[in-house]
Amino acid sequence: MTAPKKLFIKTYGCQMNVYDSERMAEALGGKGYVETKSADDADMILLNTCHIREKAAEKVYSELGRYKGLKAEKPDLKIGVAGCVAQAEGEEIMRRQPMVDLVVGPQSYHRLPEMEEKTREGEKALDTDFPEEDKFETLKGRSKGKRGPTAFLTVQEGCDKFCAFCVVPYTRGAEVSRPADRILSEARELVDRGVREITLLGQNVNAYHGGMTLAGLIWELDRIDGLERIRFTTSHPNDMQDDLIEAHGTCAKLMPYLHLPVQAGSDRILKRMNRSHTAESYLRLIERIRAARPDILISGDFIVGFPEETEADFQDTLALIEEVKYGTAYSFKYSTRPGTPAAERPQVDPAEADDRLQRLQALLSRQQREVQDSMVGREVGVLFEKTGRFPGQMVGKSDYLHAVHVADCPKQAGDLARVRIVSSGANSLAGELIT
């Protein structure tokens with residue numbers, strides 16, 4: 001028998017890239033590839049890239065440079081670049097790094113088997129199209145192996161919002177929603193393979209319109225026996241519709257956690273960002289969501305040092321954070337993305353942007369710790385995912401997405417149990433089993 005070929009995938013960026021990497025591995029599984037955790041063992045190396053942060057392309061070229069020696073030792077080794085940097089850079093990647101054999105955009109990875117075959121014939125393979133065929137349906141014949149208790153499931157891709165700082169509309173394209181029946185079919189298959197929690201993914205997931213709203217899709221998923229938890233990310237405030245807010249209060253399987261980025265608290269900066277909402281409208285939206293589900297944990301995204309941001313604008317952001325009280329948040333210093341409107345505007349002094357980021361992160365860290373500490377003494381559901389660092393310890397995620405570890409725990413990965421939180425650490429909670 002022919003030994004299987006080994007595939008090493010390095011994934012950068014968001015959860016959608018994690019999902020895409022799984023699908024790339026499945027696509028190449030039909031060509032005899034199995035995944036390996038070491039690039040040194042690989043017959044093919046794929047970098048699944050992200051283009052959100054500054055100098056993303058340069059970091060990819062730097063990573064590729066590390067594989068030059070490996071390629072020299074193993075001339076048959078194939079190296080590919082996938083994802084959003086591949087979409088943005090295209091054949092420029094091959095020009096700058098001739099050792100790269102294939103470049104594939106995020107909408108074309110279902111064509112990887114044909115591209116791989118082309119490279120085995122000594123040709124270069126490039127595909128950064130936005131093809132008409134459904135890449136998800138094309139890969140239906142994938143591996144049916146056992147899965148862990150949690151899984152991502154892409155339901156929507158692309159974005160039509162055109163925020164002034166963002167490259168997603170250019171690298172992922174316009175908003176496209178997958179048909180609900182296909183999503184539900186994939187969800188049932190995941191549950192059959194051991195999944196108990198599904199996180200619905202989209203660049204703008206609450207704009208889902210695949211024959212129903214996102215709330216409608218959640219209620220359909222709610223009917224699947226064996227699926228115990230539903231989450232979704234990432235959302236835009238302008239698409240947080242009434243039925244989705246109501247679902248947070250009425251659907252038991254929809255977890256009390258919502259990632260709802262606001263980016264800034266200054267109306268002037270929000271307008272310059274082309275966010276199409278105000279600080280006040282966002283705050284009133286949070287009020288409505290908490291009225292529906294009072295215990296919900298709110299997560300957010302923030303950009304500091306956006307072009308033309310003043311200290312007064314920044315203080316407005318801090319004021320909004322103080323009012324919302326985030327359970328967790330992601331914060332970044334503005335990164336210039338070539339081709340976006342914001343890249344052409346007067347930039348904030350980097351030292352000032354650094355100072356603002358430190359102050360903002362200090363506030364967010366304090367809030368995160370306060371929310372986490374408030375969990376002590378409460379009972380929560382925990383879905384166990386893996387063994388811990390110590391004998392007999394199990395680790396999982398709470399309803400609120402906090403990491404929870406339980407000592408002397410007889411549960412296994414995939415078990416869902418009630419846990420009483422007994423202490424709060426730096427980035428996790430300790431609990432004891434109730435049931």
# chains A, B, ... in the order shown; residues from 1 in each chain; ligands from 1
$ residues_around --residues "stretch 228-245 of chain A" --least-positions-apart "6" --cutoff "8 Å" --atoms "only C-alpha atoms" --output "CSV table (one decimal) with C-alpha atoms, in the first residue's frame"
chain,number,residue,atom,x,y,z
A,196,ARG,CA,-22.4,18.9,21.1
A,197,GLU,CA,-21.8,22.7,20.6
A,198,ILE,CA,-21.8,24.5,17.3
A,199,THR,CA,-20.6,28.1,16.8
A,200,LEU,CA,-22.1,29.7,13.7
A,201,LEU,CA,-19.6,31.7,11.8
A,202,GLY,CA,-19.8,34.7,9.4
A,203,GLN,CA,-17.9,37.9,8.8
A,204,ASN,CA,-21.3,39.5,9.5
A,205,VAL,CA,-23.2,36.5,10.8
A,206,ASN,CA,-26.3,38.2,12.0
A,207,ALA,CA,-26.9,39.4,8.4
A,214,LEU,CA,-30.3,33.9,11.8
A,215,ALA,CA,-32.8,33.6,14.6
A,218,ILE,CA,-31.0,29.0,15.5
A,221,LEU,CA,-30.8,24.0,15.1
A,222,ASP,CA,-32.5,24.0,18.4
A,253,LYS,CA,-29.6,26.2,23.7
A,254,LEU,CA,-28.4,29.7,22.7
A,255,MET,CA,-25.7,30.5,25.1
A,257,TYR,CA,-22.6,35.2,25.3
A,258,LEU,CA,-22.6,37.8,22.6
A,259,HIS,CA,-19.7,39.2,20.7
A,260,LEU,CA,-21.0,42.6,19.4
A,261,PRO,CA,-18.2,44.9,18.2
A,262,VAL,CA,-18.6,48.6,18.5
A,276,SER,CA,-23.5,53.4,10.4
A,277,HIS,CA,-24.4,53.4,14.1
A,282,TYR,CA,-25.3,50.8,20.5
A,285,LEU,CA,-29.2,48.0,21.8
A,288,ARG,CA,-32.6,45.7,24.9
A,289,ILE,CA,-30.3,42.6,24.8
A,292,ALA,CA,-34.1,39.9,27.1
$ select_by_dssp --residues "stretch 27-265 of chain A" --states "strand (DSSP E)" --output "PyMOL selection string"
chain A and resi 33-35+44-49+78-82+102-104+125-127+150-154+156-157+176-177+197-201+229-233+257-259
$ residues_around --residues "stretch 365-368 of chain A" --least-positions-apart "5" --cutoff "7 Å" --atoms "only C-alpha atoms" --output "ChimeraX atom specification"
/A:325-328
$ write_last_selection --atoms "C-alpha atoms" --output "PDB file, in the first residue's frame"
ATOM      1  CA  LYS A 325     -19.047  46.602  31.326  1.00  0.00           C
ATOM      2  CA  TYR A 326     -17.579  43.982  28.996  1.00  0.00           C
ATOM      3  CA  GLY A 327     -16.936  40.432  30.105  1.00  0.00           C
ATOM      4  CA  THR A 328     -14.221  40.124  27.500  1.00  0.00           C
TER       5      THR A 328
END
$ atom_distance --atom1 "atom CA of A:Ala353" --atom2 "atom CA of A:Ala56"
19.5 Å
